[in-house]
Amino acid sequence: MVGLFSSILITPSKGWESARTIGSKKEVILKFALPMILTTGLCAFCGELLKAGTFDWQTGLKSFTNLSITLFASFYISAIIIKGFSNWLLSKHLIFTEALQFTIFAYSCVIFVYMVGELSEDMFFIKILELYTFYLVFEGCNSYLGIVEKSGDKRNAFIALSSLAIMVMPEFVRRLLTLLMPGLN
């Protein structure tokens, strides 16, 4: 998992080629998504200790739970949106499993930003790194999905809309959780 995660972030074209070797939806979720979600949740749990100086188990568990639910729901909601964008804009229609796998790997940069952000409270500026998601999605379209169209306008629109969905969805889900379950914050 760590090798694929870092490969997607450092050399996206090679990382996406490696991601193609993971076959089924179950494997992608169990070998990549779940460890990423749990690691990021653990960062939120430990970040409470680093931020406050004194550790409160209840606050740590709330942070872990909130972030884990946020990321898991974001994967699925973003996959549904990306599937809709591909059906609407592209000649290649993605099935849900393919859209989900693509979305999970494309979340690598967002996950990295959340990990670092949860471990420190004064690094709010690191959120700017989420813009790298545009490049990850671009490379994923080429290497993973094989979407290479001669008329690039629809492909570029797909890349832009998918990247925006990936970057915005965790914050949207987090705010929705706060609204629906205020005790979780």
# chains A, B, ... in the order shown; residues from 1 in each chain; ligands from 1
>>> residues_around(residues="A:Ile104", least_positions_apart="4", cutoff="7 Å", atoms="only C-alpha atoms", output="list in words")
Ala33, Phe75 and Leu100 of chain A
>>> residues_around(residues="A:Gly3", least_positions_apart="5", cutoff="12 Å", atoms="only C-alpha atoms", output="PyMOL selection string")
chain A and resi 8-11+14-16+18-19+31-32+108
>>> write_last_selection(atoms="C-alpha atoms", output="CSV table (one decimal), in the first residue's frame")
chain,number,residue,atom,x,y,z
A,8,ILE,CA,1.0,7.6,-7.4
A,9,LEU,CA,2.1,10.8,-5.7
A,10,ILE,CA,5.7,10.9,-6.9
A,11,THR,CA,5.5,9.4,-10.4
A,14,LYS,CA,4.1,4.7,-13.2
A,15,GLY,CA,1.8,4.7,-10.2
A,16,TRP,CA,-1.3,4.4,-12.3
A,18,SER,CA,0.9,-0.2,-10.9
A,19,ALA,CA,-2.7,0.5,-9.8
A,31,LYS,CA,-5.5,-3.3,0.1
A,32,PHE,CA,-5.6,0.4,-0.6
A,108,SER,CA,-4.1,9.9,-2.9
>>> atom_distance(atom1="atom CA of A:Phe158", atom2="atom CA of A:Tyr135")
12.6 Å
>>> closest_residue(among="A:Ile128, A:Leu145, A:Ala99, A:Leu164", to="A:Phe112", atoms="only C-alpha atoms")
A:Ile128
>>> atom_distance(atom1="atom CA of A:Val28", atom2="atom CA of A:Gln101")
6.5 Å
>>> atom_distance(atom1="atom CA of A:Asp122", atom2="atom CA of A:Asn66")
20.3 Å
>>> select_by_dssp(residues="stretch 1-160 of chain A", states="helix (DSSP H, G or I)", output="VMD selection string")
chain A and resid 2 to 10 12 to 19 25 to 52 57 to 89 96 to 106 108 to 119 124 to 145 152 to 160
>>> closest_residue(among="A:Pro182, A:Pro12, A:Gly117, A:Pro35", to="A:Leu136", atoms="only C-alpha atoms")
A:Pro12
>>> residues_around(residues="A:Val173", least_positions_apart="2", cutoff="12 Å", atoms="only C-alpha atoms", output="number ranges by chain")
A: 66-78, 165-171, 175-181
>>> closest_residue(among="A:Trp88, A:Tyr107, A:Phe172, A:Phe64", to="A:Arg155", atoms="only C-alpha atoms")
A:Trp88
>>> closest_residue(among="A:Leu90, A:Tyr114, A:Phe105, A:Phe124", to="A:Asn156", atoms="only C-alpha atoms")
A:Leu90
>>> closest_residue(among="A:Tyr144, A:Lys83, A:Met123, A:Lys62", to="A:Thr21", atoms="only C-alpha atoms")
A:Tyr144
>>> decode(residues="stretch 100-136 of chain A", atoms="C-alpha atoms", output="PDB file, in the first residue's frame")
ATOM      1  CA  LEU A 100     -14.791   3.588  -7.713  1.00  0.00           C
ATOM      2  CA  GLN A 101     -11.317   2.167  -8.269  1.00  0.00           C
ATOM      3  CA  PHE A 102     -10.247   5.234 -10.244  1.00  0.00           C
ATOM      4  CA  THR A 103     -11.640   7.523  -7.550  1.00  0.00           C
ATOM      5  CA  ILE A 104      -9.892   5.713  -4.717  1.00  0.00           C
ATOM      6  CA  PHE A 105      -6.491   6.012  -6.393  1.00  0.00           C
ATOM      7  CA  ALA A 106      -7.148   9.632  -7.414  1.00  0.00           C
ATOM      8  CA  TYR A 107      -7.760  10.488  -3.741  1.00  0.00           C
ATOM      9  CA  SER A 108      -4.069   9.894  -2.923  1.00  0.00           C
ATOM     10  CA  CYS A 109      -3.146  13.579  -2.837  1.00  0.00           C
ATOM     11  CA  VAL A 110      -6.211  14.525  -0.797  1.00  0.00           C
ATOM     12  CA  ILE A 111      -5.418  11.735   1.673  1.00  0.00           C
ATOM     13  CA  PHE A 112      -1.824  12.949   1.991  1.00  0.00           C
ATOM     14  CA  VAL A 113      -3.004  16.504   2.676  1.00  0.00           C
ATOM     15  CA  TYR A 114      -5.439  15.262   5.336  1.00  0.00           C
ATOM     16  CA  MET A 115      -2.716  13.169   6.992  1.00  0.00           C
ATOM     17  CA  VAL A 116      -0.334  16.105   7.276  1.00  0.00           C
ATOM     18  CA  GLY A 117      -3.133  18.524   8.187  1.00  0.00           C
ATOM     19  CA  GLU A 118      -4.402  16.333  11.000  1.00  0.00           C
ATOM     20  CA  LEU A 119      -0.949  15.966  12.542  1.00  0.00           C
ATOM     21  CA  SER A 120      -0.300  19.698  12.734  1.00  0.00           C
ATOM     22  CA  GLU A 121      -2.574  22.618  13.327  1.00  0.00           C
ATOM     23  CA  ASP A 122      -0.451  25.414  11.860  1.00  0.00           C
ATOM     24  CA  MET A 123      -0.051  23.996   8.363  1.00  0.00           C
ATOM     25  CA  PHE A 124      -3.359  25.162   6.871  1.00  0.00           C
ATOM     26  CA  PHE A 125      -1.496  26.287   3.751  1.00  0.00           C
ATOM     27  CA  ILE A 126      -0.822  22.655   2.831  1.00  0.00           C
ATOM     28  CA  LYS A 127      -4.380  22.504   1.446  1.00  0.00           C
ATOM     29  CA  ILE A 128      -2.972  24.165  -1.686  1.00  0.00           C
ATOM     30  CA  LEU A 129      -1.306  20.824  -2.498  1.00  0.00           C
ATOM     31  CA  GLU A 130      -4.746  19.403  -3.252  1.00  0.00           C
ATOM     32  CA  LEU A 131      -4.462  21.138  -6.632  1.00  0.00           C
ATOM     33  CA  TYR A 132      -2.052  18.348  -7.582  1.00  0.00           C
ATOM     34  CA  THR A 133      -5.208  16.229  -7.871  1.00  0.00           C
ATOM     35  CA  PHE A 134      -5.795  17.778 -11.297  1.00  0.00           C
ATOM     36  CA  TYR A 135      -2.534  16.233 -12.508  1.00  0.00           C
ATOM     37  CA  LEU A 136      -3.269  12.886 -10.854  1.00  0.00           C
TER      38      LEU A 136
END
